[in-house]
>>> print(open('structure.txt').read())   # compact mmCIF, C-alpha atoms
# COMPACT_ATOMS: atom_id res chain seq x y z
CA MET R 1 26.21 -21.73 33.03
CA SER R 2 26.76 -23.70 36.21
CA VAL R 3 23.07 -23.77 37.03
CA GLY R 4 22.08 -24.80 33.53
CA THR R 5 24.77 -27.46 33.45
CA GLY R 6 23.71 -28.98 36.74
CA GLY R 7 20.08 -28.94 35.65
CA ALA R 8 20.97 -30.48 32.31
CA GLN R 9 22.94 -33.30 33.94
CA SER R 10 20.12 -34.10 36.37
CA ALA R 11 17.64 -33.90 33.53
CA LEU R 12 19.83 -36.11 31.38
CA ARG R 13 19.97 -38.76 34.07
CA ALA R 14 16.19 -38.64 34.36
CA ARG R 15 15.78 -38.96 30.60
CA ASP R 16 18.37 -41.75 30.41
CA ALA R 17 16.42 -43.68 33.04
CA ARG R 18 13.33 -43.33 30.87
CA GLY R 19 15.28 -44.44 27.80
CA THR R 20 14.54 -41.27 25.80
CA SER R 21 18.21 -40.67 24.95
CA ALA R 22 21.41 -42.69 24.79
CA SER R 23 21.89 -44.01 28.33
CA ARG R 24 25.10 -44.90 30.06
CA PRO R 25 25.53 -47.33 32.98
CA ASP R 26 27.06 -44.68 35.21
CA ASP R 27 24.40 -42.08 34.39
CA THR R 28 21.37 -43.84 35.83
CA THR R 29 21.89 -42.61 39.37
CA ALA R 30 18.60 -41.10 40.50
CA PRO R 31 18.81 -37.40 41.27
CA GLY R 32 18.10 -36.12 44.75
CA PRO R 33 14.56 -35.17 45.86
CA GLY R 34 13.16 -32.36 43.74
CA LEU R 35 16.17 -32.20 41.39
CA GLY R 36 14.79 -34.16 38.43
CA ILE R 37 14.26 -31.60 35.65
CA ASP R 38 13.13 -32.41 32.16
CA PRO R 39 15.43 -30.61 29.68
CA ASP R 40 12.37 -29.67 27.65
CA ASP R 41 11.23 -27.53 30.59
CA LEU R 42 14.34 -25.34 30.40
CA PRO R 43 13.94 -21.95 28.68
CA ASP R 44 17.34 -22.11 26.95
CA GLY R 45 18.50 -24.56 24.34
CA ILE R 46 20.58 -27.33 25.93
CA VAL R 47 22.77 -29.72 23.93
CA VAL R 48 24.84 -32.35 25.74
CA ALA R 49 27.52 -34.51 24.13
CA ASP R 50 29.11 -37.51 25.87
CA GLU R 51 32.82 -38.32 26.20
CA SER R 52 32.94 -39.61 22.64
CA GLY R 53 31.47 -36.39 21.25
CA ARG R 54 28.02 -37.77 20.39
CA VAL R 55 24.85 -35.87 21.28
CA VAL R 56 22.91 -37.49 24.13
CA CYS R 57 20.55 -34.59 24.93
CA PHE R 58 18.90 -32.11 22.58
CA ASN R 59 16.02 -30.34 24.28
CA ALA R 60 12.94 -28.70 22.78
CA ALA R 61 14.35 -25.18 23.01
CA ALA R 62 17.48 -26.28 21.11
CA ALA R 63 15.29 -27.82 18.40
CA ARG R 64 13.30 -24.59 18.13
CA ILE R 65 16.35 -22.34 17.99
CA THR R 66 18.30 -24.46 15.49
CA ALA R 67 15.30 -25.75 13.49
CA VAL R 68 16.80 -29.26 13.81
CA PRO R 69 14.49 -32.01 15.15
CA ALA R 70 15.82 -33.68 18.29
CA ALA R 71 15.50 -37.12 16.67
CA GLU R 72 17.94 -36.07 13.95
CA ALA R 73 20.48 -34.64 16.40
CA LEU R 74 20.60 -37.44 19.00
CA GLY R 75 23.45 -39.86 18.43
CA ARG R 76 25.27 -37.65 15.89
CA ARG R 77 28.65 -36.07 16.37
CA LEU R 78 28.37 -32.71 18.11
CA GLU R 79 29.97 -30.79 15.24
CA ALA R 80 27.55 -32.42 12.77
CA ALA R 81 24.41 -31.93 14.85
CA LEU R 82 25.36 -28.34 15.69
CA PRO R 83 27.53 -26.93 12.87
CA LEU R 84 28.47 -23.53 14.21
CA GLU R 85 30.69 -20.84 12.69
CA ASP R 86 32.06 -17.63 14.15
CA LEU R 87 31.31 -14.25 12.59
CA GLU R 88 34.37 -14.59 10.37
CA GLY R 89 33.16 -17.87 8.87
CA ARG R 90 35.50 -20.21 10.80
CA ARG R 91 34.17 -23.50 12.15
CA TRP R 92 33.77 -23.11 15.88
CA TRP R 93 34.32 -26.70 16.98
CA GLN R 94 37.64 -26.88 15.15
CA LEU R 95 38.75 -23.65 16.79
CA THR R 96 37.74 -24.59 20.32
CA ASP R 97 38.50 -28.35 20.20
CA PRO R 98 36.59 -29.15 23.43
CA TYR R 99 37.97 -32.71 23.75
CA GLY R 100 41.58 -31.73 23.16
CA GLY R 101 43.82 -28.82 24.02
CA LEU R 102 44.62 -27.65 27.51
CA ALA R 103 43.25 -29.88 30.26
CA ILE R 104 42.59 -26.90 32.54
CA ARG R 105 39.86 -25.46 30.31
CA ASN R 106 36.34 -25.64 31.75
CA GLY R 107 34.27 -24.08 28.97
CA GLN R 108 33.68 -21.24 26.54
CA PRO R 109 32.14 -17.85 27.42
CA GLU R 110 28.99 -16.67 25.71
CA ARG R 111 29.50 -15.34 22.20
CA ASN R 112 27.63 -14.73 18.97
CA LEU R 113 27.87 -17.60 16.48
CA LEU R 114 26.16 -18.46 13.22
CA LEU R 115 23.98 -21.42 12.30
CA PRO R 116 23.82 -22.73 8.73
CA GLY R 117 22.00 -20.09 6.71
CA GLY R 118 23.55 -17.24 8.67
CA ARG R 119 21.17 -17.08 11.62
CA GLU R 120 22.90 -15.60 14.67
CA ILE R 121 22.56 -17.14 18.14
CA LEU R 122 24.26 -16.83 21.52
CA VAL R 123 26.32 -19.87 22.51
CA SER R 124 28.21 -20.81 25.66
CA ALA R 125 29.71 -24.16 26.66
CA ARG R 126 30.81 -26.00 29.77
CA TYR R 127 33.31 -28.87 29.79
CA VAL R 128 32.51 -31.44 32.49
CA ARG R 129 35.54 -33.44 33.66
CA THR R 130 35.89 -36.34 36.11
CA HIS R 131 38.50 -34.27 37.98
CA PRO R 132 39.99 -30.81 37.34
CA THR R 133 42.57 -31.89 34.76
CA GLY R 134 40.96 -35.15 33.65
CA PRO R 135 39.44 -35.96 30.26
CA VAL R 136 36.22 -34.27 29.18
CA ARG R 137 33.30 -36.46 30.15
CA ARG R 138 30.58 -34.20 28.75
CA VAL R 139 30.24 -31.00 26.77
CA VAL R 140 27.16 -29.00 27.73
CA VAL R 141 26.18 -26.27 25.27
CA CYS R 142 23.67 -23.51 26.02
CA LEU R 143 21.88 -21.82 23.11
CA ARG R 144 19.95 -18.57 23.26
CA ASP R 145 18.06 -16.57 20.67
CA THR R 146 19.46 -13.09 20.01
CA GLU R 147 16.10 -11.41 19.36
CA ALA R 148 15.72 -9.95 22.87
CA ARG R 149 19.25 -8.58 22.78
CA ARG R 150 18.65 -7.14 19.33
CA ARG R 151 15.53 -5.36 20.58
CA THR R 152 17.57 -3.83 23.38
CA GLU R 153 20.30 -2.77 20.97
CA ARG R 154 17.71 -1.22 18.65
CA SER R 155 16.22 0.67 21.57
CA HIS R 156 19.65 2.00 22.56
CA ALA R 157 20.41 2.96 18.97
CA GLU R 158 17.08 4.77 18.71
CA LEU R 159 17.80 6.60 21.96
CA ILE R 160 21.19 7.73 20.69
CA ALA R 161 19.73 8.89 17.38
CA THR R 162 16.94 10.80 19.15
CA VAL R 163 19.35 12.48 21.54
CA ALA R 164 21.71 13.43 18.73
CA HIS R 165 18.84 14.94 16.75
CA GLU R 166 17.44 16.85 19.73
CA LEU R 167 20.87 18.19 20.75
CA ARG R 168 21.92 19.27 17.29
CA SER R 169 19.22 21.93 16.81
CA PRO R 170 19.72 23.97 20.02
CA LEU R 171 23.52 23.62 19.92
CA THR R 172 23.57 24.86 16.33
CA SER R 173 21.51 27.87 17.42
CA VAL R 174 23.75 28.58 20.42
CA LYS R 175 26.88 28.30 18.31
CA GLY R 176 25.47 30.51 15.54
CA PHE R 177 24.25 33.33 17.76
CA THR R 178 27.34 33.42 19.98
CA ALA R 179 29.66 33.43 16.95
CA THR R 180 27.63 36.23 15.37
CA LEU R 181 27.66 38.33 18.54
CA LEU R 182 31.40 37.88 19.03
CA ALA R 183 32.20 38.80 15.43
CA LYS R 184 29.78 41.71 14.99
CA TRP R 185 28.95 42.94 18.48
CA GLU R 186 29.13 46.63 17.62
CA ARG R 187 26.76 46.31 14.66
CA PHE R 188 23.73 45.20 16.69
CA THR R 189 21.38 47.32 18.74
CA ASP R 190 20.73 46.51 22.39
CA ASP R 191 17.33 45.05 21.52
CA GLN R 192 18.89 42.75 18.90
CA LYS R 193 21.57 41.62 21.34
CA LYS R 194 18.93 40.93 23.99
CA LEU R 195 16.85 38.85 21.55
CA MET R 196 19.87 36.76 20.55
CA LEU R 197 20.92 36.18 24.17
CA GLU R 198 17.37 35.21 25.13
CA THR R 199 17.37 32.66 22.30
CA VAL R 200 20.72 31.29 23.45
CA ASP R 201 19.41 31.05 27.02
CA ALA R 202 16.25 29.22 25.90
CA ASP R 203 18.25 26.73 23.81
CA ALA R 204 20.69 26.16 26.68
CA ASN R 205 17.72 25.36 28.92
CA ARG R 206 16.46 22.91 26.30
CA VAL R 207 19.80 21.10 26.28
CA THR R 208 19.82 21.02 30.07
CA ARG R 209 16.32 19.48 30.14
CA LEU R 210 17.29 16.82 27.63
CA ILE R 211 20.39 15.85 29.62
CA ALA R 212 18.25 15.68 32.78
CA GLU R 213 15.82 13.36 30.94
CA LEU R 214 18.66 11.07 29.91
CA LEU R 215 19.94 10.89 33.48
CA ASP R 216 16.44 10.08 34.72
CA ILE R 217 16.07 7.30 32.14
CA SER R 218 19.42 5.84 33.18
CA ARG R 219 18.42 5.85 36.86
CA ILE R 220 14.96 4.42 36.16
CA ASP R 221 16.33 1.59 34.00
CA SER R 222 18.96 0.69 36.61
CA GLY R 223 16.59 1.03 39.58
CA ARG R 224 18.67 3.84 41.09
CA LEU R 225 16.14 6.68 40.95
CA GLU R 226 16.39 8.39 44.35
CA VAL R 227 13.26 9.73 46.00
CA ARG R 228 13.89 12.37 48.70
CA ARG R 229 10.62 12.46 50.57
CA GLN R 230 9.29 15.47 52.45
CA PRO R 231 5.82 16.95 53.06
CA VAL R 232 4.24 18.11 49.77
CA ASP R 233 1.15 20.27 49.30
CA ILE R 234 0.01 18.74 46.01
CA GLY R 235 -2.82 21.26 45.55
CA ALA R 236 -0.46 24.22 45.89
CA ALA R 237 1.99 22.56 43.48
CA VAL R 238 -0.71 22.22 40.82
CA GLY R 239 -1.73 25.85 41.43
CA ARG R 240 1.83 27.07 40.79
CA HIS R 241 1.93 25.30 37.43
CA ILE R 242 -1.39 26.83 36.39
CA GLN R 243 -0.20 30.31 37.41
CA ALA R 244 2.97 29.86 35.35
CA TYR R 245 0.92 29.01 32.23
CA VAL R 246 -1.38 31.98 32.78
CA ALA R 247 1.63 34.26 33.22
CA SER R 248 3.04 32.97 29.92
CA GLY R 249 -0.11 33.93 28.02
CA GLN R 250 -2.58 31.06 28.43
CA PRO R 251 -6.12 32.24 29.31
CA ALA R 252 -6.97 31.65 32.95
CA ASP R 253 -10.35 30.15 32.07
CA ARG R 254 -8.66 27.30 30.20
CA PHE R 255 -7.73 25.68 33.52
CA LEU R 256 -10.08 24.17 36.08
CA LEU R 257 -8.58 23.01 39.39
CA ARG R 258 -10.78 20.99 41.75
CA ILE R 259 -9.40 19.93 45.12
CA GLU R 260 -11.39 17.64 47.41
CA GLN R 261 -10.67 18.42 51.03
CA PRO R 262 -9.39 17.28 53.40
CA LEU R 263 -6.33 15.84 51.67
CA PRO R 264 -4.19 13.40 53.70
CA GLY R 265 -0.57 14.27 54.41
CA LEU R 266 1.61 13.44 51.41
CA TRP R 267 5.32 12.67 51.67
CA ALA R 268 7.04 12.75 48.30
CA ASP R 269 9.94 14.24 46.39
CA PRO R 270 8.71 17.77 45.53
CA ASP R 271 11.05 18.22 42.57
CA LYS R 272 10.03 14.95 40.98
CA ILE R 273 6.32 15.56 41.62
CA ASP R 274 6.74 18.95 39.92
CA GLN R 275 8.32 17.09 36.99
CA VAL R 276 5.31 14.76 36.76
CA LEU R 277 2.79 17.62 36.96
CA SER R 278 4.72 19.72 34.46
CA ASN R 279 4.78 16.93 31.89
CA LEU R 280 1.11 15.97 32.23
CA ILE R 281 -0.20 19.56 32.20
CA GLU R 282 2.10 20.54 29.33
CA ASN R 283 0.84 17.56 27.30
CA ALA R 284 -2.76 18.59 27.96
CA VAL R 285 -2.06 22.20 26.95
CA ARG R 286 0.05 21.40 23.89
CA HIS R 287 -1.72 18.36 22.48
CA GLY R 288 -5.22 18.76 23.90
CA GLU R 289 -7.98 21.28 23.38
CA GLY R 290 -10.60 23.05 25.43
CA THR R 291 -10.51 23.16 29.23
CA VAL R 292 -7.68 21.42 31.07
CA THR R 293 -9.17 19.96 34.26
CA ILE R 294 -7.02 18.89 37.21
CA ASP R 295 -8.73 16.95 40.01
CA VAL R 296 -6.90 16.31 43.28
CA ALA R 297 -8.66 14.03 45.75
CA PRO R 298 -8.05 11.47 48.50
CA SER R 299 -8.63 7.90 47.41
CA THR R 300 -7.84 4.29 48.23
CA SER R 301 -5.67 1.80 46.44
CA PRO R 302 -7.56 -1.19 45.02
CA ARG R 303 -4.41 -3.31 45.14
CA GLU R 304 -4.16 -3.51 48.92
CA ARG R 305 -6.53 -4.17 51.77
CA PRO R 306 -6.83 -1.49 54.44
CA ASP R 307 -5.32 -2.13 57.82
CA GLU R 308 -7.33 -2.24 61.05
CA GLU R 309 -7.53 1.57 61.11
CA GLY R 310 -8.44 1.71 57.44
CA THR R 311 -5.49 3.96 56.48
CA ALA R 312 -2.83 1.62 55.13
CA ASN R 313 -3.95 1.92 51.56
CA ALA R 314 -4.81 5.63 51.49
CA VAL R 315 -3.55 7.47 48.42
CA THR R 316 -3.78 10.90 46.85
CA SER R 317 -5.01 10.83 43.28
CA VAL R 318 -4.35 13.48 40.64
CA THR R 319 -6.27 13.43 37.36
CA VAL R 320 -5.35 15.62 34.38
CA SER R 321 -7.80 15.66 31.48
CA ASP R 322 -8.54 17.75 28.39
CA GLU R 323 -11.24 18.04 25.74
CA GLY R 324 -9.22 17.26 22.63
CA THR R 325 -9.38 14.27 20.32
CA GLY R 326 -7.79 12.00 22.92
CA ILE R 327 -5.46 9.05 22.38
CA PRO R 328 -6.43 6.34 19.89
CA GLU R 329 -7.49 3.10 21.55
CA GLU R 330 -4.77 1.12 19.76
CA SER R 331 -2.09 3.43 21.21
CA MET R 332 -3.19 3.24 24.85
CA ASN R 333 -0.81 0.40 25.71
CA ARG R 334 2.19 2.27 24.24
CA VAL R 335 1.72 5.66 25.89
CA PHE R 336 4.26 5.06 28.66
CA THR R 337 6.93 3.47 26.45
CA ARG R 338 10.00 5.23 25.14
CA PHE R 339 9.68 7.48 22.09
CA TRP R 340 5.88 7.42 22.00
CA ARG R 341 4.53 10.69 20.62
CA GLY R 342 0.88 11.62 20.63
CA SER R 343 1.36 14.01 17.73
CA LYS R 344 4.04 15.45 15.48
CA ARG R 345 4.35 18.63 17.52
CA GLY R 346 7.90 18.04 18.71
CA GLY R 347 9.19 16.42 21.87
CA THR R 348 11.52 13.50 22.45
CA GLY R 349 8.81 11.00 23.37
CA LEU R 350 10.58 10.30 26.68
CA GLY R 351 8.47 12.38 29.05
CA LEU R 352 5.70 9.91 29.87
CA TYR R 353 8.21 7.08 30.24
CA ILE R 354 9.97 9.17 32.90
CA VAL R 355 6.67 10.14 34.52
CA LYS R 356 5.73 6.47 34.94
CA GLY R 357 9.16 5.71 36.43
CA ILE R 358 8.88 8.56 38.95
CA VAL R 359 5.35 7.62 40.04
CA GLU R 360 6.28 3.95 40.47
CA ALA R 361 9.45 4.91 42.39
CA HIS R 362 7.09 6.58 44.90
CA GLY R 363 5.06 3.35 45.13
CA GLY R 364 2.18 4.80 43.11
CA THR R 365 0.42 3.94 39.86
CA ILE R 366 -0.43 5.85 36.69
CA THR R 367 -3.07 5.09 34.07
CA VAL R 368 -4.36 6.64 30.86
CA GLY R 369 -7.88 6.61 29.47
CA ARG R 370 -10.53 8.72 27.77
CA ALA R 371 -11.84 11.78 29.60
CA PRO R 372 -15.57 12.50 29.96
CA GLY R 373 -15.09 15.41 27.52
CA GLY R 374 -13.55 13.12 24.93
CA GLY R 375 -9.90 13.99 25.41
CA ALA R 376 -7.06 12.19 27.15
CA GLU R 377 -7.19 11.53 30.88
CA PHE R 378 -4.09 10.72 32.94
CA ARG R 379 -4.54 9.66 36.55
CA PHE R 380 -1.75 8.94 38.99
CA THR R 381 -1.87 8.00 42.65
CA LEU R 382 0.70 8.47 45.40
CA PRO R 383 0.69 6.64 48.76
CA VAL R 384 0.27 8.93 51.75
CA GLY R 385 1.53 8.77 55.30
CA THR R 386 4.83 9.40 57.05
CA PRO R 387 7.76 7.27 55.81
CA ALA R 388 8.71 4.39 58.10
CA TYR R 389 12.20 5.78 58.76
CA LEU R 390 10.65 8.90 60.37
CA LEU R 391 8.28 7.00 62.68
>>> encode(input="structure.txt", output="structure tokens")
Amino acid sequence: MSVGTGGAQSALRARDARGTSASRPDDTTAPGPGLGIDPDDLPDGIVVADESGRVVCFNAAAARITAVPAAEALGRRLEAALPLEDLEGRRWWQLTDPYGGLAIRNGQPERNLLLPGGREILVSARYVRTHPTGPVRRVVVCLRDTEARRRTERSHAELIATVAHELRSPLTSVKGFTATLLAKWERFTDDQKKLMLETVDADANRVTRLIAELLDISRIDSGRLEVRRQPVDIGAAVGRHIQAYVASGQPADRFLLRIEQPLPGLWADPDKIDQVLSNLIENAVRHGEGTVTIDVAPSTSPRERPDEEGTANAVTSVTVSDEGTGIPEESMNRVFTRFWRGSKRGGTGLGLYIVKGIVEAHGGTITVGRAPGGGAEFRFTLPVGTPAYLL
């Protein structure tokens, strides 16, 4: 609040000098070079009351948030211009008494309060005194809309609900099969026991994958996703994934791998690159149709200029495409957000969000579009070259 308060005071002095709000003789000191800020330029609502409790500043953001015109608020008592109540219906100004009470108070922390009509906003206040225990010379109030915070809370609530739903099914299966085996072990044949234990193992793996996804999301959101770089043969990595799908029953002719040689040396986190490839190829197999084509080729980044040797912006590009119906045009901008699902065939909707986070943590980019065959096409690039700390 200290920054906003200082800006508001400088802005108030500038506005007082222009005569746009109630001016005071001792407030007309010109601010230092570059410090004059118009309160209407501030992103938060700013309301300033003088030592008598009357509003002398009510910026445009405050008028928008409260739906009270600035002309109506200026000159009125603070409690009348800004009638706030706490969530229990008590009048906030009577509770806090900014001009009375302890002389050591310097403000109020941010909290949720209600405007007339029940609209909720975030409010914090700063008490400006002539000296630490002197009388309050100004009360500076900062107002913020709660919509952004509500969106974040809804996102967290949706994440919790999704996780709870995804965990409940495999855990119920694990609990049911293990309880049945313990209670009636002798009644089952070896083949029946093996089938139950295989189901338990598969469900345990599903829970493990979900927990790993949640940890990745937490690290991506906090900027703490660690990338342990080492040489990676991206072509061989793609080949291993294709072999695994063929071994699990997919026809070999469904996959087409094209590698343009020579590929530059790639330093990346092999586990995380495997995670990216697994997600993109699995999406193409599960949600797409026809041939799944994977192209691996050297390329250049359009975002940077090459250095004198022409290698500074070299990247390796990997494109995964299918021949299905593709992604609707109106959904293209939501593909890499949380909980987006291309179809109703299961999944948490977190995979592509994690893929984007991993690629960007490597300094690369990822895009989605329509493949030549009509299906979805995902293309990601990874910078190449030896990391600086190894040079």
>>> residues_around(input="structure.txt", residues="region 100-108 of chain R", least_positions_apart="4", cutoff="10 Å", atoms="all atoms listed in the file", output="JSON, numbers by chain")
{"R": [1, 96, 123, 124, 125, 126, 127, 128, 129, 132, 133, 134, 135, 136, 139, 140, 141]}
>>> residues_around(input="structure.txt", residues="region 149-158 of chain R", least_positions_apart="2", cutoff="12 Å", atoms="all atoms listed in the file", output="MDAnalysis selection string")
chainID R and resid 112 120:122 144:147 160:165 214 217:218 221 337:340 348:350
>>> atom_distance(input="structure.txt", atom1="CA of Ile234 (chain R)", atom2="CA of Ile281 (chain R)")
13.8 Å
>>> residues_around(input="structure.txt", residues="Gly375 (chain R)", least_positions_apart="4", cutoff="10 Å", atoms="all atoms listed in the file", output="PDB file with C-alpha atoms, in the frame of the given file")
ATOM      1  CA  ALA R 284      -2.760  18.590  27.960  1.00  0.00           C
ATOM      2  CA  HIS R 287      -1.720  18.360  22.480  1.00  0.00           C
ATOM      3  CA  GLY R 288      -5.220  18.760  23.900  1.00  0.00           C
ATOM      4  CA  GLU R 289      -7.980  21.280  23.380  1.00  0.00           C
ATOM      5  CA  GLY R 290     -10.600  23.050  25.430  1.00  0.00           C
ATOM      6  CA  THR R 291     -10.510  23.160  29.230  1.00  0.00           C
ATOM      7  CA  VAL R 292      -7.680  21.420  31.070  1.00  0.00           C
ATOM      8  CA  SER R 321      -7.800  15.660  31.480  1.00  0.00           C
ATOM      9  CA  ASP R 322      -8.540  17.750  28.390  1.00  0.00           C
ATOM     10  CA  GLU R 323     -11.240  18.040  25.740  1.00  0.00           C
ATOM     11  CA  GLY R 324      -9.220  17.260  22.630  1.00  0.00           C
ATOM     12  CA  THR R 325      -9.380  14.270  20.320  1.00  0.00           C
ATOM     13  CA  GLY R 326      -7.790  12.000  22.920  1.00  0.00           C
ATOM     14  CA  ILE R 327      -5.460   9.050  22.380  1.00  0.00           C
ATOM     15  CA  GLY R 369      -7.880   6.610  29.470  1.00  0.00           C
ATOM     16  CA  ARG R 370     -10.530   8.720  27.770  1.00  0.00           C
ATOM     17  CA  ALA R 371     -11.840  11.780  29.600  1.00  0.00           C
TER      18      ALA R 371
END
>>> closest_residue(input="structure.txt", among="R:Asp253, R:Glu198, R:Asp295, R:Asp190", to="Val238 (chain R)", atoms="all atoms listed in the file")
R:Asp295
>>> closest_residue(input="structure.txt", among="R:Arg254, R:Arg138, R:Arg229, R:His131", to="Cys57 (chain R)", atoms="all atoms listed in the file")
R:Arg138
>>> atom_distance(input="structure.txt", atom1="CA of Ile37 (chain R)", atom2="CA of Val55 (chain R)")
18.4 Å
>>> atom_distance(input="structure.txt", atom1="CA of Ile65 (chain R)", atom2="CA of Ala148 (chain R)")
13.3 Å
>>> residues_around(input="structure.txt", residues="Leu171 (chain R)", least_positions_apart="5", cutoff="10 Å", atoms="all atoms listed in the file", output="VMD selection string")
chain R and resid 166 176 to 177 200 203 to 204 206 to 207
>>> axis_aligned_box(input="structure.txt", around="region 147-160 of chain R", padding_each_side="4 Å", output="lines of an AutoDock Vina configuration file")
center_x = 18.4
center_y = -1.8
center_z = 21.0
size_x = 13.7
size_y = 27.1
size_z = 12.7
>>> residues_around(input="structure.txt", residues="Ala60 (chain R)", least_positions_apart="3", cutoff="12 Å", atoms="only C-alpha atoms", output="ChimeraX atom specification")
/R:38-47,57,63-71,73,143
>>> write_last_selection(input="structure.txt", atoms="C-alpha atoms", output="PDB file, in the frame of the given file")
ATOM      1  CA  ASP R  38      13.130 -32.410  32.160  1.00  0.00           C
ATOM      2  CA  PRO R  39      15.430 -30.610  29.680  1.00  0.00           C
ATOM      3  CA  ASP R  40      12.370 -29.670  27.650  1.00  0.00           C
ATOM      4  CA  ASP R  41      11.230 -27.530  30.590  1.00  0.00           C
ATOM      5  CA  LEU R  42      14.340 -25.340  30.400  1.00  0.00           C
ATOM      6  CA  PRO R  43      13.940 -21.950  28.680  1.00  0.00           C
ATOM      7  CA  ASP R  44      17.340 -22.110  26.950  1.00  0.00           C
ATOM      8  CA  GLY R  45      18.500 -24.560  24.340  1.00  0.00           C
ATOM      9  CA  ILE R  46      20.580 -27.330  25.930  1.00  0.00           C
ATOM     10  CA  VAL R  47      22.770 -29.720  23.930  1.00  0.00           C
ATOM     11  CA  CYS R  57      20.550 -34.590  24.930  1.00  0.00           C
ATOM     12  CA  ALA R  63      15.290 -27.820  18.400  1.00  0.00           C
ATOM     13  CA  ARG R  64      13.300 -24.590  18.130  1.00  0.00           C
ATOM     14  CA  ILE R  65      16.350 -22.340  17.990  1.00  0.00           C
ATOM     15  CA  THR R  66      18.300 -24.460  15.490  1.00  0.00           C
ATOM     16  CA  ALA R  67      15.300 -25.750  13.490  1.00  0.00           C
ATOM     17  CA  VAL R  68      16.800 -29.260  13.810  1.00  0.00           C
ATOM     18  CA  PRO R  69      14.490 -32.010  15.150  1.00  0.00           C
ATOM     19  CA  ALA R  70      15.820 -33.680  18.290  1.00  0.00           C
ATOM     20  CA  ALA R  71      15.500 -37.120  16.670  1.00  0.00           C
ATOM     21  CA  ALA R  73      20.480 -34.640  16.400  1.00  0.00           C
ATOM     22  CA  LEU R 143      21.880 -21.820  23.110  1.00  0.00           C
TER      23      LEU R 143
END
>>> decode(input="structure.txt", residues="region 62-74 of chain R", atoms="N, CA and C atoms", output="compact mmCIF listing (two decimals), in the first residue's frame")
# COMPACT_ATOMS: atom_id res chain seq x y z
N ALA R 62 -11.96 3.99 -8.77
CA ALA R 62 -12.87 3.94 -7.62
C ALA R 62 -14.31 4.16 -8.07
N ALA R 63 -14.51 5.09 -9.00
CA ALA R 63 -15.85 5.34 -9.52
C ALA R 63 -16.39 4.11 -10.26
N ARG R 64 -15.51 3.44 -11.00
CA ARG R 64 -15.95 2.24 -11.73
C ARG R 64 -16.29 1.10 -10.78
N ILE R 65 -15.46 0.90 -9.77
CA ILE R 65 -15.67 -0.21 -8.85
C ILE R 65 -16.90 0.00 -7.99
N THR R 66 -17.11 1.24 -7.51
CA THR R 66 -18.22 1.51 -6.60
C THR R 66 -19.49 1.94 -7.30
N ALA R 67 -19.39 2.28 -8.60
CA ALA R 67 -20.54 2.80 -9.36
C ALA R 67 -21.04 4.12 -8.79
N VAL R 68 -20.13 4.88 -8.16
CA VAL R 68 -20.45 6.21 -7.62
C VAL R 68 -19.65 7.24 -8.42
N PRO R 69 -20.28 8.21 -9.06
CA PRO R 69 -19.53 9.23 -9.80
C PRO R 69 -18.62 10.02 -8.86
N ALA R 70 -17.44 10.36 -9.36
CA ALA R 70 -16.48 11.11 -8.54
C ALA R 70 -17.08 12.42 -8.06
N ALA R 71 -17.87 13.09 -8.89
CA ALA R 71 -18.45 14.39 -8.50
C ALA R 71 -19.35 14.26 -7.28
N GLU R 72 -20.01 13.12 -7.14
CA GLU R 72 -20.88 12.91 -5.98
C GLU R 72 -20.08 12.58 -4.73
N ALA R 73 -18.91 11.97 -4.88
CA ALA R 73 -18.13 11.56 -3.71
C ALA R 73 -17.27 12.67 -3.15
N LEU R 74 -16.72 13.54 -4.01
CA LEU R 74 -15.81 14.58 -3.54
C LEU R 74 -16.52 15.54 -2.60
